[in-house]
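Written below as structure tokens is the structure these notes are about.
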Amino acid sequence: MNMRRGRPASQGHEGGGPVLYWMHRDHRLRDNWALLYAASLAASRDRALVAVHCLDPDYPQANAAHFRFLVDGLRELHADFKAANIPFVELMGDPPSRVAQLAGSLDACVLVTDFDPLRHKRRWLAQAGEAVACPVHEVDARNVVPCFVASDKCEYMARTIRPKIHRLLPEFLEPFPGLPPLRPLDAALAKKLPQWSWEQVEQGVPGLSGASRSRYFAAGEAAGAMALDAFTGAGLRGYAEKRNDPSLDGQSGLSPWLHFGMLSAQRAALEAASSRAEAADKEAFLEELIVRRELADNFCLHRQDYDRTSCYPEWARKTLERHADDPRPYIYTREQLEEGETHDPAWNAAQLEMRLTGKMHGYMRMYWGKKILEWTPDAEEAQGVAVELNDRWSLDGRDPNGYAGIAWSIGGVHDRPWMERPVFGQIRYMNYKGLERKFDVRAYVEKIKSLEGRERRKSIDKE
């Protein structure tokens with residue numbers, strides 16, 4: 001494999017024990033460059049490989065539904081690792097300290113972990129690096145082109161990062177190799193592995209045992225693979241034309257599995273590229289899957305204020321300041337927005353879609369964010385509300401894509417100045433009439449109402 005997918009995060013002395021792979025972003029056995037990197041190090045040193053995951057009950061903005069999806073996927077994943085004869089330990093608590101304790105008890109040779117650009121994950125990495133004696137490597141198994149290889153600066157917009165990524169795709173968009181033969185873990189070290197049970201996991205997260213499972217997205221690597229097969233087999237056809245029409249099922253719907261790392265973006269790219277879809281459909285999908293997602297990771301890595309108004313470009317901050325006192329046509333409270341109680345049926349439908357399914361149509365996310373700017377007292381309030389609602393209700397929330405998308409909608413990130421108007425200043429504007437010109441708004445609203453009706457009937461049947 002291409003070892004440029006990983007990089008040293010901290011120095012240390014290699015211990016006499018196994019290579020330890022700390023999984024926290026990419027929750028899968030197959031198509032996992034971080035696991036393959038750790039296995040390659042283990043094979044080259046004739047060491048065993050041990051995998052570890054640590055569930056953090058205090059993970060920022062996560063709720064019981066998010067934990068339910070993750071834990072269900074982990075259950076499947078542990079079975080897969082057992083079948084592959086790779087020990088997998090589940091821990092609970094503060095991840096860097098618990099993982100460091102395990103690394104110390106095993107005298108780990110090297111600690112390998114997933115790359116993640118978000119603030120708390122960067123803190124985890126730094127804290128683990130300070131606490132362990134062995135070297136720590138981070139591996140980007142999320143992006144096709146590793147984020148730290150694609151660019152060493154915050155890119156201005158998609159057109160500035162696109163040529164850099166495209167230039168590197170021949171090197172990195174490659175088939176996945178199999179795992180190399182691995183030495184089994186010594187019996188004495190195996191006894192040092194912490195004992196745990198799924199009952200402990202279920203009890204360790206408040207509300208997890210009573211959290212209902214999504215009716216729209218089944219958790220786990222196998223479900224993600226099935227969704228990808230369905231999309232590349234049929235759904236990709238016509239994607240270029242259908243993807244921005246919320247009244248149709250024209251998007252891939254893969255983001256929950258991509259967010260939780262239960263599906264590899266590189267696997268999705270390889271399957272899409274080899275599908276029978278038209279070239280225009282493949283090109284449109286790969287642009288979203290690779291360039292746009294990797295632009296979001298680049299943004300969050302280099303702008304650690306990605307969820308605050310300070311991340312906006314200077315021109316956007318200035319124009320929003322100039323229009324901060326403009327009269328708003330409507331002002332809604334956070335509670336009204338969360339409940340979808342506005343005058344706008346399209347916006348209400350988008351909010352309801354997110355609450356019902358755990359996902360909002362991508363085109364409506366843009367409109368949703370811009371209307372929050374228009375209906376709250378200022379940009380800072382709008383930014384906070386949008387981040388809070390998206391992180392709370394979206395299965396694919398708490399993600400660079402979400403933070404970059406909100407910053408684009410409200411703060412002009414990765415965009416340019418447009419014609420000046422009240423409230424928005426030079427931020428790109430969207431309105432209801434524009435939606436009507438784009439797609440059948442009434443059909444979209446009715447589709448979401450139909451979903452709501454089905455949910456109510458299922459709730460009544462349960463009672």
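Ligands are numbered from 1 in the order shown, residues from 1 within each chain, and chains are lettered A, B, ... in the order they appear in the structure tokens.
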* **DSSP strand (DSSP E or B) residues within stretch 120-246 of chain A, as a PyMOL selection string** => chain A and resi 136-139+183
Dump as an mmCIF file, in the first residue's frame, selection limited to N, CA and C atoms:
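For reference, again.cif as written:
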data_model
loop_
_atom_site.group_PDB
_atom_site.id
_atom_site.type_symbol
_atom_site.label_atom_id
_atom_site.label_comp_id
_atom_site.auth_asym_id
_atom_site.auth_seq_id
_atom_site.Cartn_x
_atom_site.Cartn_y
_atom_site.Cartn_z
ATOM 1 N N VAL A 136 3.321 7.381 17.495
ATOM 2 C CA VAL A 136 1.919 7.438 17.073
ATOM 3 C C VAL A 136 1.870 7.887 15.619
ATOM 4 N N HIS A 137 1.106 7.160 14.806
ATOM 5 C CA HIS A 137 0.898 7.519 13.404
ATOM 6 C C HIS A 137 -0.596 7.743 13.187
ATOM 7 N N GLU A 138 -0.940 8.746 12.372
ATOM 8 C CA GLU A 138 -2.337 8.922 11.959
ATOM 9 C C GLU A 138 -2.431 8.624 10.474
ATOM 10 N N VAL A 139 -3.517 7.967 10.088
ATOM 11 C CA VAL A 139 -3.715 7.528 8.715
ATOM 12 C C VAL A 139 -5.064 8.027 8.215
ATOM 13 N N ARG A 183 0.970 -12.254 12.732
ATOM 14 C CA ARG A 183 1.348 -13.108 13.846
ATOM 15 C C ARG A 183 0.240 -13.077 14.901
#
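The protein and nucleic acid residues lying at most 6 Å from stretch 15-20 of chain A are Ala42, Arg47, Ala48, Leu49, Val50, Ala51, Leu106, Asp107, Ala108, Cys109, Val110 and Leu111 of chain A, with only C-alpha atoms considered and sequence neighbours fewer than 3 positions away removed.
Across the model, the gap from atom CA of A:Thr376 to atom CA of A:Ile331 is 5.3 Å.
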* Structure fact -> Atom pair atom CA of A:Met364 + atom CA of A:Glu241, distance 15.7 Å
* Excluding A:Gly12 and any residue of its chain fewer than 2 positions from it, enumerate the residues within 9 Å of it, using only C-alpha atoms, and give them as a VMD selection string. => chain A and resid 10 14 110 129 132 to 136
* Give me, please, the distance in Å between atom CA of A:Tyr403 and atom CA of A:His53, quoted to one decimal. => 24.9 Å
* Which residues, written as a VMD selection string, have at least one atom at most 6 Å from stretch 348-357 of chain A, with only C-alpha atoms counted and residues fewer than 5 positions away on the same chain left out? -> chain A and resid 340 393 445
Name all residues at most 9 Å from A:Trp33 (count only C-alpha atoms; drop same-chain ones fewer than 4 positions away) and give them as an mmCIF file with N, CA and C atoms, in the first residue's frame.
data_model
loop_
_atom_site.group_PDB
_atom_site.id
_atom_site.type_symbol
_atom_site.label_atom_id
_atom_site.label_comp_id
_atom_site.auth_asym_id
_atom_site.auth_seq_id
_atom_site.Cartn_x
_atom_site.Cartn_y
_atom_site.Cartn_z
ATOM 1 N N MET A 1 0.839 -1.194 0.000
ATOM 2 C CA MET A 1 0.000 0.000 0.000
ATOM 3 C C MET A 1 0.877 1.248 0.000
ATOM 4 N N ARG A 5 -0.239 7.553 2.916
ATOM 5 C CA ARG A 5 -1.562 7.751 3.512
ATOM 6 C C ARG A 5 -1.467 8.024 5.009
ATOM 7 N N GLY A 6 -0.325 7.682 5.607
ATOM 8 C CA GLY A 6 -0.117 7.925 7.030
ATOM 9 C C GLY A 6 1.039 8.875 7.257
ATOM 10 N N TYR A 37 -2.600 -0.092 7.024
ATOM 11 C CA TYR A 37 -1.335 0.537 7.401
ATOM 12 C C TYR A 37 -0.800 -0.106 8.683
ATOM 13 N N ALA A 38 -1.680 -0.245 9.692
ATOM 14 C CA ALA A 38 -1.275 -0.871 10.952
ATOM 15 C C ALA A 38 -0.849 -2.320 10.724
ATOM 16 N N VAL A 139 -3.517 7.967 10.088
ATOM 17 C CA VAL A 139 -3.715 7.528 8.715
ATOM 18 C C VAL A 139 -5.064 8.027 8.215
ATOM 19 N N ASP A 140 -5.059 8.648 7.042
ATOM 20 C CA ASP A 140 -6.304 9.155 6.466
ATOM 21 C C ASP A 140 -6.965 8.057 5.653
ATOM 22 N N ALA A 141 -7.898 7.377 6.279
ATOM 23 C CA ALA A 141 -8.678 6.342 5.601
ATOM 24 C C ALA A 141 -10.025 6.869 5.137
ATOM 25 N N ARG A 142 -10.290 8.145 5.379
ATOM 26 C CA ARG A 142 -11.570 8.752 5.016
ATOM 27 C C ARG A 142 -11.544 9.300 3.590
ATOM 28 N N PHE A 176 -8.029 -1.847 -3.235
ATOM 29 C CA PHE A 176 -7.582 -2.183 -1.885
ATOM 30 C C PHE A 176 -6.890 -3.542 -1.877
#
* **Spatial neighbours of stretch 188-204 of chain A, max dist 8 Å, only C-alpha atoms, sep filter under 6 positions, as a ChimeraX atom specification** => /A:17,57,89-92,102,105-106
Write the residues of the selection above to a file with N, CA, C and O atoms, as a PDB file, in the first residue's frame.
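As a result, result-v7.pdb now contains:
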ATOM      1  N   GLY A  17       5.640  -5.030  22.301  1.00  0.00           N
ATOM      2  CA  GLY A  17       4.342  -5.671  22.118  1.00  0.00           C
ATOM      3  C   GLY A  17       3.769  -5.502  20.726  1.00  0.00           C
ATOM      4  O   GLY A  17       4.488  -5.201  19.765  1.00  0.00           O
ATOM      5  N   PRO A  57     -19.025   8.434  26.064  1.00  0.00           N
ATOM      6  CA  PRO A  57     -20.424   8.818  26.332  1.00  0.00           C
ATOM      7  C   PRO A  57     -20.654  10.319  26.280  1.00  0.00           C
ATOM      8  O   PRO A  57     -21.798  10.760  26.152  1.00  0.00           O
ATOM      9  N   VAL A  89     -10.754  -4.801  21.086  1.00  0.00           N
ATOM     10  CA  VAL A  89     -11.151  -4.435  22.442  1.00  0.00           C
ATOM     11  C   VAL A  89     -12.080  -3.237  22.389  1.00  0.00           C
ATOM     12  O   VAL A  89     -11.819  -2.272  21.654  1.00  0.00           O
ATOM     13  N   GLU A  90     -13.161  -3.290  23.140  1.00  0.00           N
ATOM     14  CA  GLU A  90     -14.069  -2.144  23.274  1.00  0.00           C
ATOM     15  C   GLU A  90     -13.852  -1.525  24.658  1.00  0.00           C
ATOM     16  O   GLU A  90     -13.962  -2.210  25.675  1.00  0.00           O
ATOM     17  N   LEU A  91     -13.536  -0.232  24.668  1.00  0.00           N
ATOM     18  CA  LEU A  91     -13.349   0.498  25.916  1.00  0.00           C
ATOM     19  C   LEU A  91     -14.435   1.550  26.046  1.00  0.00           C
ATOM     20  O   LEU A  91     -15.174   1.831  25.089  1.00  0.00           O
ATOM     21  N   MET A  92     -14.528   2.168  27.209  1.00  0.00           N
ATOM     22  CA  MET A  92     -15.477   3.246  27.421  1.00  0.00           C
ATOM     23  C   MET A  92     -14.842   4.282  28.342  1.00  0.00           C
ATOM     24  O   MET A  92     -14.113   3.936  29.273  1.00  0.00           O
ATOM     25  N   LEU A 102      -4.124   1.180  27.648  1.00  0.00           N
ATOM     26  CA  LEU A 102      -4.022  -0.108  26.963  1.00  0.00           C
ATOM     27  C   LEU A 102      -2.668  -0.235  26.268  1.00  0.00           C
ATOM     28  O   LEU A 102      -2.021  -1.296  26.328  1.00  0.00           O
ATOM     29  N   SER A 105      -0.075  -1.070  28.887  1.00  0.00           N
ATOM     30  CA  SER A 105      -0.154  -2.427  29.439  1.00  0.00           C
ATOM     31  C   SER A 105       0.329  -3.472  28.443  1.00  0.00           C
ATOM     32  O   SER A 105       0.847  -4.523  28.833  1.00  0.00           O
ATOM     33  N   LEU A 106       0.174  -3.190  27.136  1.00  0.00           N
ATOM     34  CA  LEU A 106       0.609  -4.138  26.103  1.00  0.00           C
ATOM     35  C   LEU A 106       2.029  -3.861  25.632  1.00  0.00           C
ATOM     36  O   LEU A 106       2.560  -4.626  24.809  1.00  0.00           O
TER      37      LEU A 106
END
* Determine which residues of stretch 299-344 of chain A receive a DSSP assignment of helix (DSSP H, G or I), computed from the backbone, and state them as a ChimeraX atom specification. => /A:299-302,309-311,314-322,334-338
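Residue nearest A:Glu388, chosen from A:Arg292, A:Ala279, A:Ser151, A:Gln61 and counting only C-alpha atoms: A:Gln61.
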